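Peer 1: Just passing along the structure, written as structure tokens.
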Amino acid sequence: MRALIVDDSRVMRRIVGKLLEEVGYDVVEAGDGAEAVAVLEGSAELPVLACVDWNMPVMDGLTFVGEVRRRPEWRSVTLMMVTTESEQEQIVRALAAGAHEYLIKPFTGEALLEKLDLLGLLPARTGSGA
Amino acid sequence: MSISTTSFTFVRELVRAESAIVLEPGKEYLVEARLVPLARRGGHAGVDAYVADLAARRNPADLKLVVEALTTNETSWFRDGDPFTALRESVFPALARNRPSRTIRVWAAACSSGQEPYSILMTAQDTPELAGWKIDMLATDLSQEMLDRARAGQYSQLEVNRGLPATTLVRHFRRDGLNWKIDPALAAQVQFRQLNLVRPFPPMGRFDVVFLRNVLIYFDLATKRDILHRVRQVMAPDGHLFLGAAEMTMGVDDAWERVPAGRSSVYRIREEQRTCVP
């Protein structure tokens, strides 16, 4: 399963990416919404999940969510905002725009995985090594 | 790096032997998340190296630390998911057919900081059959400090990130400074009371649903049996008891029978025992 991480912070992309890789995801990254649109347009295999920051240059996360929801061919992508924006009105706006879940930074690894569980996107896993 | 099958199996067997808690496949992330701090503290490269060292040395103090790390009370919303789905899809609709009073009495018997009783109330609101019904909710705990927290209904950002769907958060909570406060109308539906499960229960009436999850594991067999016997006495004859995933009545108090409810199961008083309840 593939996941797209859209965040202008390389550190945050690495943190979220590592957590997702640990549960078996292939991770692709984008530094802003416009770059993420380009990634989706160029994808042979669409990600099942996109973790989307709100505040980014060029195209912000909310606009990206709206863009994904506008394109029927991307309907299968589950969108989760992962952001420091924590006001109630903003969460409502993101859900109204088409985000399926919302995780507020800072968060623990367990909280991220519980959100995946809620979305039915947490694969059971064990590593192969000893 | 994910935890290896060997490490997961070792920890799973250790925790099961020491606490009777069963870590199902899929809980690898939980094991890893809880053991990473211990691995780091011990200077190990990762969880697998730490577990390999534990398995080689079998130092009782270290093994105890692992068991404690895995059995510490979690305080997630809708903890374990399936029991709440069972409530919404089968238990509440069944009760709705048999309660002309349009009132359901629920007891959350170890409510900790309140996530469980509030999750039950939110589930009731999401049950179409209960539209316009009253949920009479009693939430008890041994700890007065926990009860005060539960009654205040105020949760940190980290706490509301734990298992609470975003739609539920915006529907039932309001921002309060850096925290989130539960809808006062929801909080007003809960009566909080201090109660020690090992002592005789005060007069409480009969309950249609009892949540007694992840608490029996802390007691010896005789105490478990005594508690389950007394829970029967405060249970409506057609009531439903929820236990933790690692807990069961079999061999403890056989007046209960386990009944499947969706992907979860509930415990009911056996038909032939119902008339015996004082």
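Starting from 1 in every chain, residues are counted up; chains themselves are A, B, ... following the order of the structure tokens, and ligands are numbered from 1 as listed.
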Show me, as number ranges by chain, every residue of chain A with an atom at most 10 Å from chain B, counting only C-alpha atoms.
Peer 2: A: 18-19, 21-24, 80, 86-92, 94-95, 99-119, 122-130
Peer 1: How would the residues just picked look written out with C-alpha atoms as a PDB file, in the first residue's frame?
Peer 2:
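Result file follows (again_13.pdb):
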```
ATOM      1  CA  LYS A  18       9.057   6.285   9.107  1.00  0.00           C
ATOM      2  CA  LEU A  19       5.917   5.464  11.106  1.00  0.00           C
ATOM      3  CA  GLU A  21       6.899   2.480   6.549  1.00  0.00           C
ATOM      4  CA  GLU A  22       7.038   0.556   9.811  1.00  0.00           C
ATOM      5  CA  VAL A  23       3.464  -0.631   9.276  1.00  0.00           C
ATOM      6  CA  GLY A  24       4.186  -1.608   5.694  1.00  0.00           C
ATOM      7  CA  MET A  80      -5.989  12.863   6.693  1.00  0.00           C
ATOM      8  CA  SER A  86      -6.191  23.004  16.112  1.00  0.00           C
ATOM      9  CA  GLU A  87      -9.135  25.387  16.165  1.00  0.00           C
ATOM     10  CA  GLN A  88     -12.522  23.729  16.026  1.00  0.00           C
ATOM     11  CA  GLU A  89     -13.624  25.822  13.026  1.00  0.00           C
ATOM     12  CA  GLN A  90     -10.587  24.664  11.066  1.00  0.00           C
ATOM     13  CA  ILE A  91     -11.306  21.008  11.747  1.00  0.00           C
ATOM     14  CA  VAL A  92     -14.892  21.569  10.594  1.00  0.00           C
ATOM     15  CA  ALA A  94     -11.250  20.507   6.606  1.00  0.00           C
ATOM     16  CA  LEU A  95     -13.938  17.845   7.090  1.00  0.00           C
ATOM     17  CA  ALA A  99     -10.814  15.339   4.663  1.00  0.00           C
ATOM     18  CA  HIS A 100     -11.686  11.991   6.282  1.00  0.00           C
ATOM     19  CA  GLU A 101      -9.639  12.411   9.457  1.00  0.00           C
ATOM     20  CA  TYR A 102      -7.695  15.056  11.311  1.00  0.00           C
ATOM     21  CA  LEU A 103      -4.629  14.571  13.485  1.00  0.00           C
ATOM     22  CA  ILE A 104      -3.290  17.517  15.432  1.00  0.00           C
ATOM     23  CA  LYS A 105       0.465  18.016  15.883  1.00  0.00           C
ATOM     24  CA  PRO A 106       2.159  17.190  18.130  1.00  0.00           C
ATOM     25  CA  PHE A 107       1.041  13.574  18.210  1.00  0.00           C
ATOM     26  CA  THR A 108       2.443  10.264  19.380  1.00  0.00           C
ATOM     27  CA  GLY A 109       3.189   7.413  16.985  1.00  0.00           C
ATOM     28  CA  GLU A 110       0.438   5.423  18.692  1.00  0.00           C
ATOM     29  CA  ALA A 111      -2.091   8.203  17.994  1.00  0.00           C
ATOM     30  CA  LEU A 112      -1.214   8.188  14.278  1.00  0.00           C
ATOM     31  CA  LEU A 113      -1.616   4.424  14.110  1.00  0.00           C
ATOM     32  CA  GLU A 114      -4.934   4.599  15.990  1.00  0.00           C
ATOM     33  CA  LYS A 115      -6.176   7.066  13.382  1.00  0.00           C
ATOM     34  CA  LEU A 116      -5.143   4.607  10.630  1.00  0.00           C
ATOM     35  CA  ASP A 117      -7.028   1.923  12.548  1.00  0.00           C
ATOM     36  CA  LEU A 118     -10.157   4.140  12.604  1.00  0.00           C
ATOM     37  CA  LEU A 119      -9.841   4.571   8.843  1.00  0.00           C
ATOM     38  CA  LEU A 122      -3.739  -0.227   9.482  1.00  0.00           C
ATOM     39  CA  PRO A 123      -2.302  -3.442   8.065  1.00  0.00           C
ATOM     40  CA  ALA A 124      -1.476  -6.225  10.556  1.00  0.00           C
ATOM     41  CA  ARG A 125       2.213  -6.777  10.403  1.00  0.00           C
ATOM     42  CA  THR A 126       5.259  -8.440  11.760  1.00  0.00           C
ATOM     43  CA  GLY A 127       8.759  -8.094  10.450  1.00  0.00           C
ATOM     44  CA  SER A 128      10.483 -11.051   8.904  1.00  0.00           C
ATOM     45  CA  GLY A 129      13.769 -10.817  10.781  1.00  0.00           C
ATOM     46  CA  ALA A 130      14.629 -12.264  14.151  1.00  0.00           C
TER      47      ALA A 130
END
```
Peer 1: Which one is closest to Val198 of chain B: B:Asn214, B:Thr223, B:Gln115, B:Gln144? Count only C-alpha atoms.
Peer 2: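 Comparing B:Asn214, B:Thr223, B:Gln115, B:Gln144 against Val198 of chain B, the winner is B:Thr223.
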Peer 1: What is the distance between atom CA of Arg225 of chain B and atom CA of Pro200 of chain B, in Å to one decimal?
Peer 2: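 According to the coordinates, atom CA of Arg225 of chain B and atom CA of Pro200 of chain B are separated by 13.3 Å.
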Peer 1: From a DSSP pass on the backbone, collect the residues of chain A flagged as strand (DSSP E) and hand them back as a list of chain:residue names.
Peer 2: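 Those in chain A that DSSP calls strand (DSSP E) are A:Arg2, A:Ala3, A:Leu4, A:Ile5, A:Val6, A:Asp26, A:Val27, A:Val28, A:Glu29, A:Ala30, A:Leu49, A:Ala50, A:Cys51, A:Val52, A:Thr78, A:Leu79, A:Met80, A:Met81, A:Val82, A:Thr83, A:Glu101, A:Tyr102, A:Leu103, A:Ile104.
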Peer 1: Leaving out segment 52-64 of chain A and any residue of its chain fewer than 4 positions from it, which residues lie within 8 Å of it when counting only C-alpha atoms, given as a ChimeraX atom specification?
Peer 2: /A:5-8,31-34,36-37,68,79-85,94,97
Peer 1: Check the DSSP output for the backbone and give back, as a VMD selection string, the residues of segment 11-65 of chain B in alpha helix (DSSP H).
Peer 2: chain B and resid 11 to 19 28 to 41 47 to 57 60 to 65
Peer 1: Using only N, CA and C atoms, please write the residues we just selected to a file, as a CSV table (one decimal), in the first residue's frame.
Peer 2:
```
chain,number,residue,atom,x,y,z
B,11,VAL,N,7.1,-11.4,23.6
B,11,VAL,CA,6.5,-10.4,24.5
B,11,VAL,C,5.0,-10.8,24.7
B,12,ARG,N,4.4,-11.3,23.7
B,12,ARG,CA,3.0,-11.8,23.8
B,12,ARG,C,2.8,-12.9,24.8
B,13,GLU,N,3.7,-13.9,24.7
B,13,GLU,CA,3.7,-15.0,25.7
B,13,GLU,C,4.0,-14.5,27.1
B,14,LEU,N,5.0,-13.6,27.2
B,14,LEU,CA,5.3,-13.1,28.6
B,14,LEU,C,4.2,-12.4,29.2
B,15,VAL,N,3.5,-11.5,28.4
B,15,VAL,CA,2.4,-10.7,28.9
B,15,VAL,C,1.2,-11.6,29.3
B,16,ARG,N,1.0,-12.6,28.4
B,16,ARG,CA,-0.1,-13.5,28.7
B,16,ARG,C,0.1,-14.3,29.9
B,17,ALA,N,1.3,-14.8,30.1
B,17,ALA,CA,1.6,-15.6,31.3
B,17,ALA,C,1.5,-14.8,32.6
B,18,GLU,N,1.9,-13.5,32.5
B,18,GLU,CA,2.0,-12.7,33.7
B,18,GLU,C,0.7,-11.9,34.0
B,19,SER,N,-0.1,-11.7,33.0
B,19,SER,CA,-1.2,-10.8,33.3
B,19,SER,C,-2.5,-11.3,32.7
B,28,GLU,N,1.2,-5.3,17.1
B,28,GLU,CA,2.7,-5.1,17.1
B,28,GLU,C,3.1,-3.7,17.3
B,29,TYR,N,2.3,-2.8,16.7
B,29,TYR,CA,2.6,-1.3,16.9
B,29,TYR,C,2.6,-0.9,18.3
B,30,LEU,N,1.6,-1.5,19.1
B,30,LEU,CA,1.5,-1.1,20.5
B,30,LEU,C,2.7,-1.6,21.3
B,31,VAL,N,3.1,-2.9,21.0
B,31,VAL,CA,4.3,-3.5,21.7
B,31,VAL,C,5.5,-2.6,21.4
B,32,GLU,N,5.7,-2.3,20.1
B,32,GLU,CA,6.8,-1.5,19.7
B,32,GLU,C,6.8,-0.1,20.4
B,33,ALA,N,5.7,0.5,20.3
B,33,ALA,CA,5.6,1.9,20.9
B,33,ALA,C,5.9,1.9,22.4
B,34,ARG,N,5.4,0.9,23.1
B,34,ARG,CA,5.6,0.8,24.5
B,34,ARG,C,7.1,0.4,24.9
B,35,LEU,N,7.7,-0.4,24.0
B,35,LEU,CA,9.0,-0.9,24.4
B,35,LEU,C,10.2,0.0,23.9
B,36,VAL,N,9.9,0.8,22.9
B,36,VAL,CA,11.0,1.7,22.5
B,36,VAL,C,11.7,2.5,23.6
B,37,PRO,N,10.9,3.1,24.5
B,37,PRO,CA,11.6,3.9,25.6
B,37,PRO,C,12.5,3.0,26.5
B,38,LEU,N,12.0,1.7,26.7
B,38,LEU,CA,12.8,0.8,27.5
B,38,LEU,C,14.0,0.4,26.8
B,39,ALA,N,13.9,0.1,25.5
B,39,ALA,CA,15.1,-0.3,24.7
B,39,ALA,C,16.1,0.8,24.7
B,40,ARG,N,15.6,2.1,24.6
B,40,ARG,CA,16.6,3.2,24.5
B,40,ARG,C,17.3,3.4,25.9
B,41,ARG,N,16.5,3.2,26.9
B,41,ARG,CA,17.0,3.4,28.3
B,41,ARG,C,18.1,2.4,28.5
B,47,VAL,N,14.1,-2.3,19.4
B,47,VAL,CA,13.2,-3.2,20.2
B,47,VAL,C,13.7,-4.7,20.1
B,48,ASP,N,14.0,-5.1,18.9
B,48,ASP,CA,14.4,-6.5,18.7
B,48,ASP,C,15.6,-6.9,19.5
B,49,ALA,N,16.6,-5.9,19.5
B,49,ALA,CA,17.8,-6.2,20.3
B,49,ALA,C,17.5,-6.3,21.8
B,50,TYR,N,16.6,-5.4,22.2
B,50,TYR,CA,16.2,-5.3,23.6
B,50,TYR,C,15.5,-6.6,24.0
B,51,VAL,N,14.6,-7.1,23.1
B,51,VAL,CA,13.8,-8.3,23.5
B,51,VAL,C,14.7,-9.5,23.5
B,52,ALA,N,15.7,-9.5,22.5
B,52,ALA,CA,16.6,-10.7,22.5
B,52,ALA,C,17.4,-10.7,23.8
B,53,ASP,N,17.8,-9.6,24.2
B,53,ASP,CA,18.6,-9.5,25.5
B,53,ASP,C,17.7,-10.0,26.7
B,54,LEU,N,16.5,-9.5,26.7
B,54,LEU,CA,15.5,-9.9,27.8
B,54,LEU,C,15.4,-11.4,27.8
B,55,ALA,N,15.2,-12.0,26.6
B,55,ALA,CA,15.0,-13.4,26.4
B,55,ALA,C,16.2,-14.2,26.9
B,56,ALA,N,17.4,-13.7,26.7
B,56,ALA,CA,18.6,-14.4,27.0
B,56,ALA,C,18.8,-14.3,28.6
B,57,ARG,N,18.6,-13.1,29.1
B,57,ARG,CA,18.9,-13.0,30.6
B,57,ARG,C,17.7,-13.4,31.5
B,60,PRO,N,14.1,-11.1,36.2
B,60,PRO,CA,12.7,-10.9,36.6
B,60,PRO,C,12.3,-9.4,36.7
B,61,ALA,N,13.2,-8.5,37.2
B,61,ALA,CA,12.9,-7.1,37.3
B,61,ALA,C,12.6,-6.5,35.9
B,62,ASP,N,13.4,-6.9,34.9
B,62,ASP,CA,13.3,-6.4,33.5
B,62,ASP,C,12.0,-6.9,32.9
B,63,LEU,N,11.7,-8.2,33.2
B,63,LEU,CA,10.5,-8.8,32.6
B,63,LEU,C,9.3,-8.1,33.1
B,64,LYS,N,9.3,-7.7,34.4
B,64,LYS,CA,8.2,-7.0,35.1
B,64,LYS,C,8.0,-5.7,34.4
B,65,LEU,N,9.1,-5.0,34.1
B,65,LEU,CA,9.0,-3.7,33.5
B,65,LEU,C,8.2,-3.8,32.2
```
Peer 1: When you look at Val266 of chain B with a cut-off of 7 Å (counting only C-alpha atoms), what residues show up, excluding the ones that are within fewer than 3 positions of it in the same chain? I need them as an NGL selection string.
Peer 2: :B and (240-242 or 258-261)
Peer 1: Keeping only C-alpha atoms, write the selected residues to a file as an mmCIF file, in the first residue's frame.
Peer 2:
```cif
data_model
loop_
_atom_site.group_PDB
_atom_site.id
_atom_site.type_symbol
_atom_site.label_atom_id
_atom_site.label_comp_id
_atom_site.auth_asym_id
_atom_site.auth_seq_id
_atom_site.Cartn_x
_atom_site.Cartn_y
_atom_site.Cartn_z
ATOM 1 C CA HIS B 240 -25.579 -7.129 28.911
ATOM 2 C CA LEU B 241 -22.142 -7.234 30.526
ATOM 3 C CA PHE B 242 -19.021 -6.124 28.653
ATOM 4 C CA ARG B 258 -20.888 -15.521 26.384
ATOM 5 C CA VAL B 259 -22.957 -14.343 23.437
ATOM 6 C CA PRO B 260 -21.465 -13.085 20.154
ATOM 7 C CA ALA B 261 -22.288 -9.452 19.378
#
```
Peer 1: How far is it from atom CA of Ala236 of chain B to atom CA of Val209 of chain B, in Å with one decimal?
Peer 2: 8.3 Å
Peer 1: One number please: atom CA of Ala246 of chain B to atom CA of Val22 of chain B, in Å, one decimal.
Peer 2: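 That distance, rounded to one decimal, is 5.6 Å.
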Peer 1: Would you kindly return, as a PyMOL selection string, each protein, DNA or RNA residue with an atom no farther than 9 Å from any atom of Glu257 of chain B, considering only C-alpha atoms and excluding same-chain residues fewer than 2 positions away?
Peer 2: chain B and resi 249-250+254-255+259+266-270
Peer 1: Show me, as a PyMOL selection string, the residues that have an atom within 9 Å of segment 84-99 of chain B when counting only C-alpha atoms, minus same-chain residues fewer than 2 positions from it.
Peer 2: chain B and resi 78-82+101-104+119-120+123-124+126-130+133+208-209+238-240+261-266
Peer 1: Would you mind exporting C-alpha atoms of the selected residues as a short mmCIF file (atom, residue, chain, number, x, y, z; two decimals), in the first residue's frame?
Peer 2:
```cif
data_model
loop_
_atom_site.label_atom_id
_atom_site.label_comp_id
_atom_site.auth_asym_id
_atom_site.auth_seq_id
_atom_site.Cartn_x
_atom_site.Cartn_y
_atom_site.Cartn_z
CA PHE B 78 -13.92 4.00 21.97
CA ARG B 79 -11.21 1.74 23.30
CA ASP B 80 -10.90 -1.48 21.23
CA GLY B 81 -13.66 -0.27 18.88
CA ASP B 82 -15.63 -3.50 18.55
CA SER B 101 -39.90 3.35 29.73
CA ARG B 102 -37.58 4.56 26.92
CA THR B 103 -34.77 4.66 29.47
CA ILE B 104 -31.62 2.54 29.49
CA SER B 119 -17.85 7.07 24.54
CA ILE B 120 -20.92 5.02 25.55
CA THR B 123 -22.52 5.72 20.85
CA ALA B 124 -26.09 5.96 22.19
CA ASP B 126 -25.39 7.49 17.12
CA THR B 127 -27.96 4.70 17.58
CA PRO B 128 -31.08 5.61 15.56
CA GLU B 129 -33.30 3.31 17.66
CA LEU B 130 -32.54 5.41 20.75
CA TRP B 133 -34.42 7.99 24.76
CA ASP B 208 -29.32 -2.86 31.42
CA VAL B 209 -25.66 -2.56 30.40
CA ASP B 238 -31.89 -9.47 30.12
CA GLY B 239 -28.91 -7.14 30.70
CA HIS B 240 -25.58 -7.13 28.91
CA ALA B 261 -22.29 -9.45 19.38
CA GLY B 262 -20.84 -8.39 16.04
CA ARG B 263 -17.07 -8.84 16.14
CA SER B 264 -17.19 -8.60 19.93
CA SER B 265 -19.01 -10.60 22.58
CA VAL B 266 -21.11 -9.78 25.61
#
```
Peer 1: Within 9 Å of Gly17 of chain A, counting only C-alpha atoms, which residues qualify if same-chain residues fewer than 4 places away don't, as a list in words?
Peer 2: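 Residues near the query, excluding close chain neighbours: Ala3, Leu4, Ile5, Met12, Arg13, Glu21, Glu22, Tyr25, Asp26, Val27, Val28 and Glu29 of chain A.
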Peer 1: Just write the chosen residues, C-alpha atoms, as a PDB file, in the first residue's frame.
Peer 2:
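Saved result, part_24.pdb, follows:
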```pdb
ATOM      1  CA  ALA A   3       0.926   6.623   1.225  1.00  0.00           C
ATOM      2  CA  LEU A   4       1.579  10.209   0.176  1.00  0.00           C
ATOM      3  CA  ILE A   5       2.933  12.649   2.743  1.00  0.00           C
ATOM      4  CA  MET A  12       7.951  15.985   9.620  1.00  0.00           C
ATOM      5  CA  ARG A  13       7.866  14.045   6.325  1.00  0.00           C
ATOM      6  CA  GLU A  21       6.899   2.480   6.549  1.00  0.00           C
ATOM      7  CA  GLU A  22       7.038   0.556   9.811  1.00  0.00           C
ATOM      8  CA  TYR A  25       3.480   1.434   3.548  1.00  0.00           C
ATOM      9  CA  ASP A  26       5.497   2.563   0.536  1.00  0.00           C
ATOM     10  CA  VAL A  27       5.871   6.276   1.076  1.00  0.00           C
ATOM     11  CA  VAL A  28       5.991   9.054  -1.495  1.00  0.00           C
ATOM     12  CA  GLU A  29       6.509  12.666  -0.501  1.00  0.00           C
TER      13      GLU A  29
END
```
Peer 1: Choose the residue, out of A:Val77, A:Val65, A:Ala30, A:Ala96, that has the smallest atom-to-atom separation from Leu121 of chain A; count only C-alpha atoms.
Peer 2: A:Val77
